[in-house]
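K.L.:
Contents of start-v9.txt (compact mmCIF, C-alpha atoms) are below:
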```txt
# COMPACT_ATOMS: atom_id res chain seq x y z
CA MET C 664 186.75 100.35 164.47
CA LYS C 665 187.94 100.98 161.00
CA ILE C 666 187.32 97.43 159.97
CA GLU C 667 183.92 97.44 161.49
CA TYR C 668 183.23 100.75 159.85
CA ALA C 669 184.54 99.44 156.61
CA VAL C 670 182.29 96.41 156.92
CA MET C 671 179.38 98.57 157.79
CA PHE C 672 180.22 100.86 154.94
CA GLY C 673 180.53 97.89 152.67
CA ARG C 674 177.16 96.67 153.77
CA LEU C 675 175.76 100.09 153.17
CA ARG C 676 177.23 100.15 149.72
CA CYS C 677 175.94 96.66 148.97
CA VAL C 678 172.46 97.60 150.11
CA VAL C 679 172.55 100.71 148.00
CA CYS C 680 173.80 98.77 145.00
CA PHE C 681 171.24 96.01 145.52
CA SER C 682 168.44 98.55 145.74
CA TRP C 683 169.65 100.23 142.61
CA VAL C 684 169.73 96.89 140.73
CA LEU C 685 166.18 96.03 141.91
CA GLY C 686 164.98 99.41 140.68
CA LEU C 687 166.63 98.84 137.35
CA MET C 688 165.05 95.37 137.04
CA ALA C 689 161.66 96.73 137.95
CA SER C 690 162.04 99.42 135.35
CA CYS C 691 163.01 96.89 132.73
CA GLY C 692 160.22 94.58 133.82
CA GLY C 693 157.69 97.39 133.42
CA GLY C 694 158.93 98.03 129.93
CA GLY C 695 158.71 94.32 129.20
CA GLY C 696 155.10 94.25 130.41
CA GLY C 697 154.31 97.15 128.12
CA GLY C 698 155.86 95.32 125.24
CA GLY C 699 153.75 92.25 126.07
CA GLY C 700 150.62 94.44 126.01
CA SER C 701 151.37 95.76 122.54
CA GLY C 702 151.64 92.19 121.32
CA GLY C 703 148.30 91.01 122.84
CA ALA C 704 145.67 88.63 121.45
CA VAL C 705 144.85 89.03 117.76
CA ASP C 706 141.19 89.17 116.61
CA THR C 707 140.60 86.14 114.37
CA THR C 708 136.82 85.88 114.85
CA ALA C 709 134.89 86.47 111.64
CA PRO C 710 131.73 88.59 111.78
CA SER C 711 128.40 86.85 111.27
CA VAL C 712 124.83 87.89 110.49
CA ALA C 713 122.87 88.56 113.68
CA SER C 714 119.58 89.38 111.95
CA ALA C 715 118.16 90.32 108.56
CA MET C 716 115.07 92.18 107.43
CA PRO C 717 113.53 90.63 105.44
CA ALA C 718 114.59 87.28 106.85
CA SER C 719 115.97 84.65 104.52
CA GLY C 720 113.21 82.38 103.22
CA SER C 721 110.46 84.88 104.04
CA SER C 722 107.61 85.97 101.78
CA GLY C 723 105.48 89.08 101.82
CA ALA C 724 108.49 91.43 102.00
CA SER C 725 107.89 95.13 101.43
CA ARG C 726 108.54 96.38 97.91
CA ILE C 727 109.72 99.80 99.07
CA ALA C 728 111.41 99.40 102.48
CA ASP C 729 115.18 99.32 102.98
CA LEU C 730 116.81 95.91 103.38
CA ARG C 731 118.81 95.71 106.64
CA VAL C 732 121.41 93.15 107.70
CA THR C 733 122.78 93.51 111.24
CA LEU C 734 126.22 92.01 111.91
CA SER C 735 127.58 90.49 115.11
CA GLU C 736 130.36 93.10 115.32
CA ALA C 737 131.53 96.32 113.74
CA ALA C 738 132.44 96.13 110.06
CA ASN C 739 135.10 97.95 108.10
CA ALA C 740 132.86 100.51 106.42
CA SER C 741 135.04 100.61 103.31
CA THR C 742 134.15 96.96 102.59
CA VAL C 743 130.40 97.63 102.76
CA SER C 744 129.90 98.62 99.14
CA SER C 745 127.80 97.80 96.10
CA ALA C 746 130.62 95.54 94.92
CA ASN C 747 130.31 93.36 98.03
CA VAL C 748 126.56 93.72 98.66
CA ARG C 749 124.35 92.85 95.68
CA LEU C 750 120.59 92.58 95.23
CA ILE C 751 119.47 90.29 92.39
CA GLY C 752 116.02 89.44 91.04
CA GLU C 753 115.25 85.78 90.31
CA ASN C 754 113.27 84.47 87.31
CA LEU C 755 112.17 87.90 86.09
CA GLU C 756 111.33 86.56 82.62
CA GLY C 757 113.71 88.57 80.49
CA LEU C 758 114.12 91.57 82.78
CA ASP C 759 117.56 92.67 83.98
CA PRO C 760 118.11 90.74 87.25
CA SER C 761 120.46 93.34 88.73
CA VAL C 762 118.69 95.76 91.05
CA GLY C 763 120.12 99.26 91.35
CA ALA C 764 120.51 100.06 95.03
CA ASP C 765 122.43 102.37 97.34
CA VAL C 766 124.49 100.50 99.94
CA SER C 767 125.47 102.15 103.23
CA TYR C 768 126.66 101.20 106.70
CA ASP C 769 125.10 102.26 110.01
CA ALA C 770 128.05 102.06 112.43
CA ALA C 771 125.89 102.71 115.49
CA SER C 772 124.01 99.42 114.99
CA ASN C 773 126.55 97.44 112.90
CA THR C 774 123.95 97.30 110.13
CA VAL C 775 124.33 97.05 106.36
CA VAL C 776 121.53 99.07 104.71
CA VAL C 777 120.40 98.47 101.12
CA ASN C 778 118.05 101.04 99.61
CA PRO C 779 116.64 99.97 96.19
CA ARG C 780 116.36 102.94 93.83
CA GLN C 781 113.03 101.66 92.45
CA PRO C 782 110.24 99.66 94.11
CA LEU C 783 110.82 95.92 93.83
CA LEU C 784 108.46 93.93 91.65
CA SER C 785 105.32 92.52 93.22
CA ASN C 786 105.27 88.81 94.07
CA ALA C 787 108.87 88.37 92.88
CA SER C 788 111.84 86.45 94.29
CA TYR C 789 115.11 88.22 95.17
CA THR C 790 118.47 87.35 96.70
CA LEU C 791 120.67 89.71 98.71
CA THR C 792 124.28 88.48 98.68
CA LEU C 793 127.06 89.70 101.00
CA ALA C 794 130.58 88.61 99.98
CA GLY C 795 133.80 90.44 100.84
CA VAL C 796 132.51 92.36 103.87
CA GLN C 797 135.16 92.46 106.63
CA ASP C 798 135.49 93.52 110.25
CA ASN C 799 138.13 96.03 111.34
CA ALA C 800 140.70 93.25 111.86
CA GLY C 801 140.31 92.05 108.28
CA ASN C 802 138.25 88.96 109.04
CA ASN C 803 135.81 88.11 106.24
CA LEU C 804 132.10 87.64 106.73
CA LEU C 805 131.22 84.21 105.37
CA ARG C 806 129.46 84.59 102.02
CA THR C 807 125.80 85.07 102.93
CA VAL C 808 122.75 84.76 100.65
CA ILE C 809 119.38 86.04 101.87
CA ALA C 810 116.50 84.88 99.67
CA PHE C 811 113.03 86.39 99.99
CA LYS C 812 109.80 87.01 98.10
CA THR C 813 107.98 90.33 97.86
CA LEU C 814 104.41 91.10 98.79
CA ILE C 815 101.68 90.77 96.23
CA ASN C 816 100.27 94.20 95.44
CA PRO C 817 96.64 93.35 96.22
CA THR C 818 93.86 94.29 93.83
CA LEU C 819 90.73 93.91 95.92
CA ARG C 820 88.16 94.68 93.23
CA GLN C 821 88.16 95.06 89.47
CA VAL C 822 85.06 96.47 87.82
CA PHE C 823 84.30 96.12 84.10
CA TYR C 824 81.85 98.32 82.20
CA SER C 825 79.86 98.19 78.99
CA ALA C 826 78.19 101.28 77.53
CA GLY C 827 78.48 103.14 80.82
CA TYR C 828 77.00 100.31 82.91
CA ILE C 829 78.66 97.77 85.15
CA SER C 830 78.98 94.52 83.24
CA TYR C 831 80.70 92.36 85.87
CA TYR C 832 83.37 92.61 88.54
CA TYR C 833 86.01 90.56 90.34
CA VAL C 834 86.66 90.39 94.07
CA ARG C 835 89.95 89.02 95.42
CA LEU C 836 90.79 88.02 98.99
CA TYR C 837 94.30 87.75 100.44
CA ASN C 838 95.92 86.13 103.45
CA ASP C 839 98.15 87.91 105.97
CA LYS C 840 101.19 87.38 103.72
CA GLY C 841 99.53 89.13 100.80
CA ASN C 842 98.86 85.95 98.84
CA GLN C 843 95.58 85.71 96.97
CA THR C 844 93.32 83.04 98.46
CA SER C 845 89.98 83.66 96.73
CA PHE C 846 88.86 85.06 93.39
CA VAL C 847 85.18 85.67 92.68
CA ARG C 848 83.56 86.91 89.47
CA TYR C 849 80.19 88.62 89.82
CA ALA C 850 78.19 88.72 86.59
CA GLY C 851 75.23 90.80 87.71
CA ILE C 852 73.37 92.40 90.56
CA GLY C 853 70.97 90.50 92.76
CA PRO C 854 67.16 90.78 92.94
CA ASP C 855 67.33 94.07 94.81
CA ASN C 856 68.44 95.71 91.54
CA ALA C 857 67.40 94.10 88.29
CA SER C 858 68.08 96.91 85.85
CA GLY C 859 71.86 96.98 86.12
CA GLN C 860 72.12 100.76 85.73
CA LEU C 861 75.06 102.71 87.07
CA THR C 862 74.58 104.36 90.50
CA ARG C 863 78.10 105.23 91.75
CA VAL C 864 78.01 108.94 90.91
CA ASP C 865 81.26 109.64 92.73
CA TYR C 866 83.01 107.73 89.93
CA PHE C 867 80.85 108.06 86.86
CA GLY C 868 79.12 111.44 86.88
CA GLY C 869 75.54 110.22 86.62
CA ALA C 870 73.15 108.06 88.61
CA GLY C 871 70.74 105.42 87.46
CA GLU C 872 67.68 104.35 89.41
CA GLY C 873 67.23 101.47 91.77
CA ASN C 874 70.60 99.77 91.36
CA VAL C 875 72.60 98.43 94.31
CA TRP C 876 75.88 96.88 93.23
CA PHE C 877 78.52 95.39 95.57
CA THR C 878 76.06 93.85 98.05
CA GLY C 879 75.81 90.31 99.35
CA ASP C 880 73.18 89.17 96.84
CA ASP C 881 75.14 89.97 93.68
CA ASP C 882 75.07 87.13 91.20
CA VAL C 883 78.24 85.03 91.25
CA SER C 884 79.00 83.46 87.88
CA SER C 885 82.26 81.78 88.90
CA HIS C 886 84.95 81.85 91.54
CA SER C 887 88.32 80.33 92.32
CA THR C 888 90.46 79.57 95.35
CA THR C 889 94.24 79.30 95.71
CA SER C 890 96.26 77.41 98.30
CA TYR C 891 99.94 77.96 99.22
CA ASP C 892 102.80 76.03 100.75
CA SER C 893 104.80 77.18 103.78
CA ASN C 894 107.12 79.23 101.52
CA GLY C 895 104.26 81.27 100.06
CA ASN C 896 104.29 79.49 96.69
CA ALA C 897 100.89 79.00 95.04
CA THR C 898 100.45 75.24 94.73
CA ARG C 899 96.84 74.78 93.61
CA THR C 900 94.19 77.01 92.04
CA ILE C 901 90.64 75.68 91.68
CA SER C 902 87.98 77.31 89.50
CA TYR C 903 84.31 76.73 90.25
CA LEU C 904 81.29 77.19 87.94
CA GLY C 905 78.92 78.31 90.66
CA ALA C 906 76.99 76.89 93.59
CA GLY C 907 76.30 73.20 94.06
CA ALA C 908 72.92 71.47 94.33
CA ASP C 909 72.12 73.21 97.60
CA GLY C 910 72.49 76.62 95.98
CA VAL C 911 75.07 77.72 98.59
CA LEU C 912 78.33 79.16 97.28
CA PHE C 913 81.85 78.70 98.60
CA ILE C 914 81.37 75.24 100.11
CA ALA C 915 82.68 71.79 99.18
CA ASP C 916 79.89 70.87 96.73
CA ASP C 917 80.50 73.77 94.34
CA PRO C 918 81.11 72.26 90.88
CA VAL C 919 84.75 72.44 89.78
CA SER C 920 85.38 73.53 86.19
CA ARG C 921 89.17 73.08 86.29
CA TYR C 922 92.17 73.30 88.58
CA GLY C 923 95.91 73.73 88.24
CA ASP C 924 98.80 72.34 90.30
CA THR C 925 102.24 73.98 90.44
CA ALA C 926 105.46 72.28 91.59
CA TYR C 927 108.60 74.08 92.80
CA GLU C 928 112.23 73.12 93.37
CA THR C 929 114.22 73.76 96.55
CA TYR C 930 114.86 77.45 95.81
CA GLY C 931 111.24 78.28 95.03
CA ASN C 932 111.58 78.24 91.25
CA ARG C 933 108.56 76.83 89.41
CA THR C 934 109.31 73.55 87.68
CA ARG C 935 105.90 72.34 86.50
CA TYR C 936 102.36 73.59 86.04
CA THR C 937 99.60 71.05 85.31
CA GLU C 938 96.02 72.05 84.54
CA TYR C 939 93.15 69.60 84.87
CA ARG C 940 89.84 70.25 83.09
CA GLY C 941 87.70 67.42 84.39
CA ALA C 942 87.49 64.42 86.69
CA GLY C 943 88.93 61.07 85.73
CA ALA C 944 87.06 57.82 85.11
CA ASP C 945 86.15 57.51 88.78
CA GLY C 946 84.31 60.82 88.60
CA ASN C 947 86.35 62.36 91.43
```
I need this file expressed as structure tokens, please.
P.N.:
Amino acid sequence: MKIEYAVMFGRLRCVVCFSWVLGLMASCGGGGGGGGGSGGAVDTTAPSVASAMPASGSSGASRIADLRVTLSEAANASTVSSANVRLIGENLEGLDPSVGADVSYDAASNTVVVNPRQPLLSNASYTLTLAGVQDNAGNNLLRTVIAFKTLINPTLRQVFYSAGYISYYYVRLYNDKGNQTSFVRYAGIGPDNASGQLTRVDYFGGAGEGNVWFTGDDDVSSHSTTSYDSNGNATRTISYLGAGADGVLFIADDPVSRYGDTAYETYGNRTRYTEYRGAGADGN
């Protein structure tokens, strides 16, 4: 009985010891798992630009709205600064190309916000460059250049006066991108008003008699049209002397006085302007 008891006791002791060792291994294994978790996958994915407003290559951008660049992931806000986000004007003909702007970061939408301190120039080219912006793991955004062109500030009508009377006026038409497509010079009123006296009292403080300016029968002395390429660059401007033989304006037979062609390089910079003042030997 003693031997059997001793064996049984030995078994009991072995079971107890074995259980204790398993517990210890499990405890160590748990710690090892925790250690593996703290050494998990490292973020090596660089952020990218998800969207930009204005978009790169666009024309007709607002002169006063903030510029917004949304990233694919959260950025380290300390790297979103004026040193790493710069707005530059292109071909400003002697003006300082650097544009003063306040740069901020909207963490809720992962968006870089650039607020120019002054309105941008009308019909001007700009580049917004991001270089040195990082995510929270230190991955760098690839250097990004967003090029765009601002909206033309449209002048719809210019009126010129002589001795208190309207002398002539210009009318300009624009397309949906703000580019001028038509320019018309009116030299006098039509047959409904032959005297040419001033009648717009809301502007000039006195009314003439019988004058009706700015109606469809005003006398057109000349007009011009402008065409554009897909990037919003003016490529050809044609000036016309008046109506053709049929007396109808703004159609193909209007006599051309001159026209100008403009060429551009890849980045939208003007490289050549050629003005033609008459047809060649073939008469076309």
K.L.:
Just how far from CA of Thr813 (chain C) is CA of Tyr927 (chain C), in Å to one decimal?
P.N.:
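Atom-to-atom, CA of Tyr927 (chain C) and CA of Thr813 (chain C) are spaced 17.0 Å apart.
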K.L.:
Could you name the residues that touch Asn803 (chain C) at 8 Å or less, counting only C-alpha atoms, but leaving out those on the same chain fewer than 6 positions away, as an MDAnalysis selection string?
P.N.:
chainID C and resid 709:710 795:797
K.L.:
Do a neighbour search on Leu784 (chain C) at 10 Å with all atoms listed in the file, toss out local chain neighbours closer than 6 positions, and write the hits as an mmCIF file with C-alpha atoms, in the frame of the given file.
P.N.:
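Result written to out13.cif:
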```cif
data_model
loop_
_atom_site.group_PDB
_atom_site.id
_atom_site.type_symbol
_atom_site.label_atom_id
_atom_site.label_comp_id
_atom_site.auth_asym_id
_atom_site.auth_seq_id
_atom_site.Cartn_x
_atom_site.Cartn_y
_atom_site.Cartn_z
ATOM 1 C CA SER C 725 107.890 95.130 101.430
ATOM 2 C CA ARG C 726 108.540 96.380 97.910
ATOM 3 C CA ILE C 727 109.720 99.800 99.070
ATOM 4 C CA GLY C 752 116.020 89.440 91.040
ATOM 5 C CA LEU C 755 112.170 87.900 86.090
ATOM 6 C CA LYS C 812 109.800 87.010 98.100
ATOM 7 C CA THR C 813 107.980 90.330 97.860
ATOM 8 C CA LEU C 814 104.410 91.100 98.790
ATOM 9 C CA ILE C 815 101.680 90.770 96.230
ATOM 10 C CA ASN C 816 100.270 94.200 95.440
#
```
K.L.:
From (133.3, 96.3, 116.0), in the file's coordinates, out to 7 Å: which residues are reached, counting all atoms listed in the file? Answer as a ChimeraX atom specification.
P.N.:
/C:736-738,798-799
K.L.:
Could you check how far CA of Val777 (chain C) sits from CA of Arg731 (chain C), in Å to one decimal?
P.N.:
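A separation of 6.4 Å between them.
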K.L.:
Considering all atoms listed in the file, state which residue in the set C:Val822, C:Leu804, C:Thr889, C:Gly905 is at the smallest distance from Asn747 (chain C).
P.N.:
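Using all atoms listed in the file, Asn747 (chain C) sits closest to C:Leu804.
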K.L.:
Could you please determine the separation between CA of His886 (chain C) and CA of Ser902 (chain C) in Å, to one decimal place?
P.N.:
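One can read the CA of His886 (chain C) to CA of Ser902 (chain C) distance as 5.8 Å.
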K.L.:
Could you pull the residues within 12 Å of region 917-921 of chain C, counting all atoms listed in the file, minus those fewer than 6 positions along the same chain, as a PyMOL selection string?
P.N.:
chain C and resi 883-888+899-911+937-942+946-947
K.L.:
Rank nothing, just name the residue among C:Ser722, C:Thr733, C:Ser741, C:Thr790 nearest to Ala897 (chain C), using all atoms listed in the file.
P.N.:
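Going through C:Ser722, C:Thr733, C:Ser741, C:Thr790 one by one, the smallest distance to Ala897 (chain C) is for C:Ser722.
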K.L.:
Between C:Ala826, C:Asn802, C:Asn739, C:Ser890, single out the one closest to Ala770 (chain C), counting all atoms listed in the file.
P.N.:
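Nearest candidate to Ala770 (chain C) out of C:Ala826, C:Asn802, C:Asn739, C:Ser890: C:Asn739.
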K.L.:
Can you list, as a ChimeraX atom specification, every protein, DNA or RNA residue that comes within 7 Å of Arg806 (chain C) when you count all atoms listed in the file, leaving out same-chain residues fewer than 2 positions away?
P.N.:
/C:793-794,804,808
